[in-house]
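Quick look at final-v8.cif (mmCIF, C-alpha atoms):
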data_target
loop_
_atom_site.label_atom_id
_atom_site.label_comp_id
_atom_site.auth_asym_id
_atom_site.auth_seq_id
_atom_site.Cartn_x
_atom_site.Cartn_y
_atom_site.Cartn_z
CA MET W 998 207.93 219.72 197.38
CA ALA W 999 204.30 219.48 196.20
CA ASP W 1000 203.00 221.31 193.16
CA SER W 1001 200.75 223.45 195.39
CA ASP W 1002 203.84 225.02 196.99
CA TYR W 1003 204.82 226.75 193.75
CA GLU W 1004 203.63 230.30 193.30
CA SER W 1005 202.88 231.53 189.76
CA VAL W 1006 202.22 235.08 188.62
CA LEU W 1007 198.97 235.55 186.71
CA CYS W 1008 198.91 239.32 186.11
CA VAL W 1009 200.98 242.43 186.87
CA LYS W 1010 199.79 246.05 186.60
CA PRO W 1011 202.28 248.85 187.32
CA GLU W 1012 199.80 251.45 188.64
CA VAL W 1013 196.60 251.10 190.64
CA HIS W 1014 194.85 253.30 193.23
CA VAL W 1015 193.32 252.37 196.60
CA TYR W 1016 190.34 254.25 198.07
CA ARG W 1017 188.56 254.36 201.38
CA ILE W 1018 184.95 253.48 200.81
CA PRO W 1019 181.85 254.25 202.91
CA PRO W 1020 179.73 251.41 204.27
CA ARG W 1021 177.21 250.03 201.85
CA ALA W 1022 173.79 251.27 202.82
CA THR W 1023 171.71 249.02 200.52
CA ASN W 1024 172.04 245.73 198.70
CA ARG W 1025 172.20 247.43 195.32
CA GLY W 1026 175.97 247.32 195.26
CA TYR W 1027 178.89 249.73 195.50
CA ARG W 1028 179.10 252.95 193.50
CA ALA W 1029 182.49 254.45 192.63
CA ALA W 1030 180.95 257.92 192.29
CA GLU W 1031 180.55 257.99 196.10
CA TRP W 1032 184.31 257.62 196.64
CA GLN W 1033 186.79 260.46 196.65
CA LEU W 1034 188.37 259.51 193.33
CA GLU W 1035 190.59 262.66 193.21
CA GLN W 1036 192.24 261.70 196.52
CA PRO W 1037 193.33 258.05 196.53
CA ALA W 1038 194.55 256.69 199.88
CA TRP W 1039 197.44 254.78 198.25
CA SER W 1040 198.99 254.19 194.80
CA GLY W 1041 201.30 251.40 193.76
CA ARG W 1042 201.69 248.14 191.85
CA LEU W 1043 199.28 245.18 191.66
CA ARG W 1044 200.23 241.53 191.25
CA ILE W 1045 197.92 238.52 191.02
CA THR W 1046 199.59 235.27 192.04
CA ALA W 1047 198.34 231.69 192.35
CA LYS W 1048 199.44 229.00 194.78
CA GLY W 1049 197.59 225.76 194.27
CA LYS W 1050 193.90 226.56 193.92
CA MET W 1051 194.12 229.87 195.76
CA ALA W 1052 194.68 233.25 194.10
CA TYR W 1053 196.12 236.31 195.82
CA ILE W 1054 195.75 240.00 194.94
CA LYS W 1055 198.88 241.74 196.23
CA LEU W 1056 199.34 245.51 196.46
CA GLU W 1057 203.06 246.38 196.52
CA ASP W 1058 205.25 249.44 196.47
CA LYS W 1059 206.38 250.42 192.97
CA ILE W 1060 210.06 250.84 193.88
CA SER W 1061 210.84 248.60 196.83
CA GLY W 1062 208.20 245.91 196.20
CA GLU W 1063 207.14 246.01 199.88
CA LEU W 1064 203.73 244.46 200.47
CA PHE W 1065 201.04 246.98 201.37
CA ALA W 1066 197.96 244.70 201.52
CA GLN W 1067 196.87 241.28 200.30
CA ALA W 1068 193.46 239.86 199.40
CA PRO W 1069 193.16 236.03 199.22
CA VAL W 1070 190.59 234.88 196.65
CA GLU W 1071 188.96 231.45 197.00
CA GLN W 1072 186.43 231.90 194.21
CA PHE W 1073 185.54 234.43 191.53
CA PRO W 1074 183.15 236.15 191.38
CA GLY W 1075 182.67 236.13 195.12
CA ILE W 1076 182.87 238.18 198.27
CA ALA W 1077 186.63 238.69 197.95
CA VAL W 1078 186.31 240.64 194.64
CA GLU W 1079 183.21 242.57 193.61
CA GLY W 1080 182.74 245.08 190.81
CA VAL W 1081 180.93 248.40 191.22
CA ILE W 1082 177.66 249.08 189.43
CA ASP W 1083 178.60 252.40 187.78
CA SER W 1084 182.05 251.68 186.22
CA SER W 1085 184.17 248.84 184.83
CA ARG W 1086 187.47 250.27 186.15
CA TYR W 1087 186.70 250.02 189.89
CA PHE W 1088 186.33 247.06 192.25
CA VAL W 1089 185.89 246.38 195.95
CA ILE W 1090 188.29 243.81 197.41
CA CYS W 1091 188.51 242.23 200.86
CA ILE W 1092 192.03 242.41 202.35
CA GLU W 1093 193.37 240.41 205.30
CA ASP W 1094 196.34 241.03 207.56
CA GLY W 1095 197.01 237.39 208.50
CA ASN W 1096 195.61 237.80 212.05
CA GLY W 1097 191.98 237.32 211.08
CA ARG W 1098 191.19 241.00 210.57
CA ARG W 1099 189.49 242.03 207.33
CA ALA W 1100 188.71 245.28 205.61
CA PHE W 1101 187.00 246.31 202.36
CA ILE W 1102 188.80 248.84 200.20
CA GLY W 1103 188.20 250.33 196.76
CA LEU W 1104 190.55 249.41 193.89
CA GLY W 1105 190.77 251.51 190.73
CA PHE W 1106 192.66 251.14 187.42
CA VAL W 1107 193.88 253.99 185.28
CA ASP W 1108 193.00 252.26 181.98
CA ARG W 1109 190.03 250.08 181.08
CA GLY W 1110 192.35 247.56 179.43
CA ASP W 1111 194.07 246.99 182.79
CA SER W 1112 190.76 246.28 184.49
CA PHE W 1113 189.87 243.83 181.67
CA ASP W 1114 193.16 241.95 182.17
CA PHE W 1115 192.47 241.84 185.91
CA ASN W 1116 189.09 240.18 185.29
CA VAL W 1117 190.41 237.69 182.71
CA ALA W 1118 193.32 236.56 184.90
CA LEU W 1119 190.98 235.65 187.76
CA GLN W 1120 188.44 233.98 185.45
CA ASP W 1121 191.05 231.79 183.77
CA HIS W 1122 192.51 230.65 187.05
CA PHE W 1123 189.22 229.58 188.57
CA LYS W 1124 188.14 227.95 185.32
CA TRP W 1125 191.24 225.78 185.64
CA VAL W 1126 190.35 225.06 189.30
CA LYS W 1127 186.88 223.91 188.25
CA GLN W 1128 188.33 221.55 185.64
CA GLN W 1129 190.72 220.07 188.19
CA ASN W 1130 187.86 219.43 190.62
CA GLU W 1131 185.79 217.68 187.94
CA MET W 1132 188.71 215.47 186.92
CA ALA W 1133 189.31 214.51 190.54
CA LYS W 1134 185.66 213.51 190.98
CA GLN W 1135 185.71 211.36 187.85
CA ALA W 1136 188.89 209.65 189.00
CA GLN W 1137 187.31 208.75 192.33
CA ASN W 1138 183.98 207.62 190.84
CA PRO W 1139 184.52 206.45 187.25
CA ASP W 1140 180.99 204.98 187.12
CA LEU W 1141 179.47 208.45 187.34
CA GLY W 1142 180.68 209.42 183.87
CA PRO W 1143 178.68 208.65 180.71
CA LYS W 1144 179.25 205.19 179.29
CA LEU W 1145 179.82 204.53 175.61
CA ASP W 1146 177.80 201.57 174.34
CA LEU W 1147 179.27 200.13 171.12
CA GLY W 1148 177.25 196.91 171.11
CA PHE W 1149 174.70 195.90 168.48
CA LYS W 1150 171.07 196.59 169.21
CA GLU W 1151 168.54 193.78 168.87
CA GLY W 1152 167.91 193.04 165.19
CA GLN W 1153 170.64 195.39 163.99
CA THR W 1154 172.81 194.15 161.12
CA ILE W 1155 175.71 195.51 159.12
CA LYS W 1156 176.73 194.99 155.49
CA ILE W 1157 180.34 194.85 154.32
CA ASN W 1158 181.23 195.28 150.64
CA ILE W 1159 184.62 193.91 149.55
CA ALA W 1160 185.70 194.58 145.96
CA ASN W 1161 186.56 191.64 143.62
CA MET W 1162 185.49 189.04 146.17
CA LYS W 1163 182.31 187.60 144.58
CA LYS W 1164 182.00 183.99 145.56
CA LYS W 1165 180.84 181.22 143.23
CA GLU W 1166 178.34 178.58 144.12
CA GLY W 1167 181.13 176.17 145.06
CA GLY W 1168 182.49 178.68 147.54
CA THR W 1169 185.64 179.60 145.62
CA ALA W 1170 186.45 183.15 144.72
CA ASP W 1171 186.56 184.27 141.10
CA VAL W 1172 190.02 184.93 139.78
CA ALA W 1173 190.29 188.08 137.74
CA LYS W 1174 191.27 187.15 134.18
CA PRO W 1175 193.72 189.40 132.37
CA LYS W 1176 192.20 191.30 129.49
CA ALA W 1177 193.70 191.08 126.01
CA ALA W 1178 195.72 194.09 125.02
CA SER W 1179 193.81 196.41 122.72
CA THR W 1180 195.34 197.13 119.28
CA GLY W 1181 193.55 200.19 118.11
CA GLY W 1182 190.08 198.65 118.44
CA MET W 1183 191.01 195.40 116.58
CA SER W 1184 191.60 192.07 118.29
CA LEU W 1185 194.37 189.75 117.08
CA LEU W 1186 193.25 186.25 116.12
CA PRO W 1187 195.32 183.28 117.31
CA PRO W 1188 197.09 181.13 114.67
CA PRO W 1189 195.24 178.05 113.39
CA PRO W 1190 195.96 174.78 115.17
CA GLY W 1191 198.90 172.81 113.76
CA ALA W 1192 200.39 175.79 111.94
CA LYS W 1193 204.16 176.07 112.05
CA THR W 1194 206.00 179.28 112.53
CA PRO W 1195 207.95 180.18 109.37
CA VAL W 1196 211.74 180.08 109.67
CA HIS W 1197 213.63 182.91 107.97
CA LEU W 1198 216.94 181.72 106.48
CA PRO W 1199 219.82 184.15 106.10
CA PRO W 1200 220.89 185.12 102.49
CA PRO W 1201 223.96 183.47 100.90
CA ALA W 1202 227.28 184.89 101.94
CA ALA W 1203 228.39 185.35 98.33
CA ALA W 1204 225.43 187.62 97.56
CA ALA W 1205 225.79 189.82 100.63
CA ALA W 1206 226.63 193.46 100.01
CA VAL W 1207 229.46 194.79 102.13
CA LEU W 1208 229.72 198.51 102.79
CA SER W 1209 233.22 199.73 103.33
CA LYS W 1210 234.86 203.13 103.51
CA PRO W 1211 238.14 203.33 101.49
CA ALA W 1212 241.21 204.40 103.41
CA GLY W 1213 242.43 207.89 102.72
CA VAL W 1214 239.04 209.19 101.47
CA ASN W 1215 237.52 211.98 103.63
CA HIS W 1216 234.18 212.35 101.82
CA ALA W 1217 231.08 210.67 103.19
CA GLY W 1218 230.53 208.40 100.20
CA TYR W 1219 230.97 204.66 100.34
CA LEU W 1220 231.99 202.19 97.58
CA LEU W 1221 229.79 199.21 96.94
CA ASP W 1222 231.96 196.08 96.54
CA PHE W 1223 230.14 193.10 95.11
CA GLY W 1224 233.31 190.91 95.12
CA SER W 1225 234.58 188.92 92.13
CA PRO W 1226 233.54 185.51 90.76
CA SER W 1227 235.45 182.66 92.33
CA SER W 1228 236.68 179.56 90.63
CA GLU W 1229 234.63 177.52 93.04
CA PHE W 1230 231.46 178.63 91.30
CA SER W 1231 230.39 177.26 87.94
CA SER W 1232 229.78 179.42 84.91
CA SER W 1233 226.06 179.23 85.47
CA SER W 1234 226.38 180.46 89.07
CA ALA W 1235 228.74 183.24 87.96
CA SER W 1236 226.30 184.37 85.32
CA ASP W 1237 223.55 184.32 87.90
CA ILE W 1238 225.57 186.55 90.22
CA TRP W 1239 226.77 189.09 87.62
CA GLY W 1240 223.58 189.01 85.60
CA ASP W 1241 223.29 191.76 83.00
CA PHE W 1242 226.75 193.14 83.82
CA ALA W 1243 228.44 190.19 82.06
CA ASN W 1244 226.24 190.56 78.99
CA ALA W 1245 226.86 194.28 78.85
CA SER W 1246 230.65 193.83 79.04
CA GLY W 1247 230.59 191.12 76.33
CA SER W 1248 228.60 193.25 73.92
CA ALA W 1249 230.85 196.22 74.61
CA SER W 1250 234.05 194.24 73.78
CA GLY W 1251 232.50 192.91 70.55
CA GLN W 1252 231.60 196.39 69.43
CA ALA W 1253 235.16 197.55 70.17
CA GLN W 1254 236.62 194.73 68.02
CA GLN W 1255 234.33 195.54 65.11
CA ASN W 1256 235.26 199.18 65.28
CA THR W 1257 239.03 198.52 65.31
CA GLY W 1258 238.88 195.92 62.53
CA TRP W 1259 240.61 193.20 64.53
CA VAL W 1260 239.56 189.63 63.90
CA GLN W 1261 239.10 187.36 66.86
CA PHE W 1262 240.67 183.85 66.34
#

Let's see the structure in the file written out as structure tokens.
Amino acid sequence: MADSDYESVLCVKPEVHVYRIPPRATNRGYRAAEWQLEQPAWSGRLRITAKGKMAYIKLEDKISGELFAQAPVEQFPGIAVEGVIDSSRYFVICIEDGNGRRAFIGLGFVDRGDSFDFNVALQDHFKWVKQQNEMAKQAQNPDLGPKLDLGFKEGQTIKINIANMKKKEGGTADVAKPKAASTGGMSLLPPPPGAKTPVHLPPPAAAAAVLSKPAGVNHAGYLLDFGSPSSEFSSSSASDIWGDFANASGSASGQAQQNTGWVQF
């Protein structure tokens, strides 16, 4: 089934009025004031449908939906739908019975918003029809459309700037050199040539201070254990380790002997 066989609904209005209109005497247009607006010939529902590129204005019964009259519209604005010159709520439409007979009748809307929707629905449909026709013409004759020329004109040049790609005379690209890290505005000087890096030796094990926490003591204090002189060390090394402590203890023992009166043999 082709796409043109589908029927779509463009607009539905629940209440419209149909009027018998007198023949148009001049080319000025139709005037709704000349109709018998208080006595409409028929009242019912209006539907605008589309099938392919054709639009149809259908007047149907409100309850049963039976078709009262139908006006095929090939283009808008056109002879099939024409507005009156003295109101925006009334139109003149050309209805057909399917046997070739035509008649012009007056169509009126109760509200101006309904007549606006009626106009917009027909305009949108035929705007779409126009776009489809233009696309079909371009597809058949692609040379008719405007061509886009992206070529360079005579004498036209372009300039391309690429960052960090300055070439040297030899044709090689400069390599970005890393910058020395800044130390508060002062640069660090390199060591003199031939200088050796000093080696830090660890202190002797005998002179190391060991911090230990005695067992059974809950306070946060620590005892400082300097160890005791070993027999492996000479008297000179022992005196070097204990220093003034040995002298202080010797003087203290001498004073104690003098005070007690004991003689040291």

Task: Counting all atoms listed in the file, the residue of W:Val1089, W:Val1013, W:Val1078, W:Ala1133 that sits nearest W:Asp1058 - done: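 Closest candidate: W:Val1013.
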
Extract, using all atoms listed in the file, all DNA, RNA and protein residues at most 10 Å from stretch 1010-1012 of chain W, discarding same-chain residues fewer than 5 positions from it, and format them as a PDB file with C-alpha atoms, keeping the file's coordinate frame.
ATOM      1  CA  SER W1040     198.990 254.190 194.800  1.00  0.00           C
ATOM      2  CA  GLY W1041     201.300 251.400 193.760  1.00  0.00           C
ATOM      3  CA  ARG W1042     201.690 248.140 191.850  1.00  0.00           C
ATOM      4  CA  LEU W1043     199.280 245.180 191.660  1.00  0.00           C
ATOM      5  CA  ARG W1044     200.230 241.530 191.250  1.00  0.00           C
ATOM      6  CA  ILE W1045     197.920 238.520 191.020  1.00  0.00           C
ATOM      7  CA  LEU W1056     199.340 245.510 196.460  1.00  0.00           C
ATOM      8  CA  GLU W1057     203.060 246.380 196.520  1.00  0.00           C
ATOM      9  CA  ASP W1058     205.250 249.440 196.470  1.00  0.00           C
ATOM     10  CA  LYS W1059     206.380 250.420 192.970  1.00  0.00           C
ATOM     11  CA  GLY W1105     190.770 251.510 190.730  1.00  0.00           C
ATOM     12  CA  PHE W1106     192.660 251.140 187.420  1.00  0.00           C
ATOM     13  CA  VAL W1107     193.880 253.990 185.280  1.00  0.00           C
ATOM     14  CA  ASP W1108     193.000 252.260 181.980  1.00  0.00           C
ATOM     15  CA  ASP W1111     194.070 246.990 182.790  1.00  0.00           C
ATOM     16  CA  SER W1112     190.760 246.280 184.490  1.00  0.00           C
ATOM     17  CA  ASP W1114     193.160 241.950 182.170  1.00  0.00           C
ATOM     18  CA  PHE W1115     192.470 241.840 185.910  1.00  0.00           C
TER      19      PHE W1115
END

- [ ] Compile the contact shell of W:Val1081 as a PyMOL selection string: residues with an atom at most 9 Å away, counting all atoms listed in the file, same-chain residues fewer than 6 positions apart removed.
- [x] chain W and resi 1026-1029+1087-1089

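For the pair atom CA of W:Asn1130 and atom CA of W:Pro1074, the interatomic distance is 17.4 Å.
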
- [ ] Could you tell me how far atom CA of W:Leu1104 lies from atom CA of W:Ile1090, in Å and to one decimal?
- [x]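 Pair atom CA of W:Leu1104 / atom CA of W:Ile1090 returns 7.0 Å.
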
- [ ] Report as an NGL selection string the full result of the PyMOL selection byres ((chain W and resi 1119) around 10) when it is applied to this structure.
- [x] :W and (1007-1008 or 1045-1047 or 1052-1054 or 1070 or 1072-1074 or 1078 or 1114-1118 or 1120-1124)

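Note that the spacing between atom CA of W:Gln1067 and atom CA of W:Arg1025 amounts to 25.9 Å.
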
- [ ] Check which residues satisfy the PyMOL selection byres ((chain W and resi 1092) around 6) in the file shown, then give them as number ranges by chain.
- [x] W: 1067-1068, 1091, 1093, 1099-1100

Export, as an mmCIF file, in the frame of the given file, the selected residues with C-alpha atoms.
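Final output, selection21.cif:
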data_model
loop_
_atom_site.group_PDB
_atom_site.id
_atom_site.type_symbol
_atom_site.label_atom_id
_atom_site.label_comp_id
_atom_site.auth_asym_id
_atom_site.auth_seq_id
_atom_site.Cartn_x
_atom_site.Cartn_y
_atom_site.Cartn_z
ATOM 1 C CA GLN W 1067 196.870 241.280 200.300
ATOM 2 C CA ALA W 1068 193.460 239.860 199.400
ATOM 3 C CA CYS W 1091 188.510 242.230 200.860
ATOM 4 C CA GLU W 1093 193.370 240.410 205.300
ATOM 5 C CA ARG W 1099 189.490 242.030 207.330
ATOM 6 C CA ALA W 1100 188.710 245.280 205.610
#

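Take the candidates W:Ala1066, W:Gly1148, W:Gly1110, W:Lys1055 and check each one against W:Asp1094 using only C-alpha atoms; the shortest distance goes to W:Ala1066.
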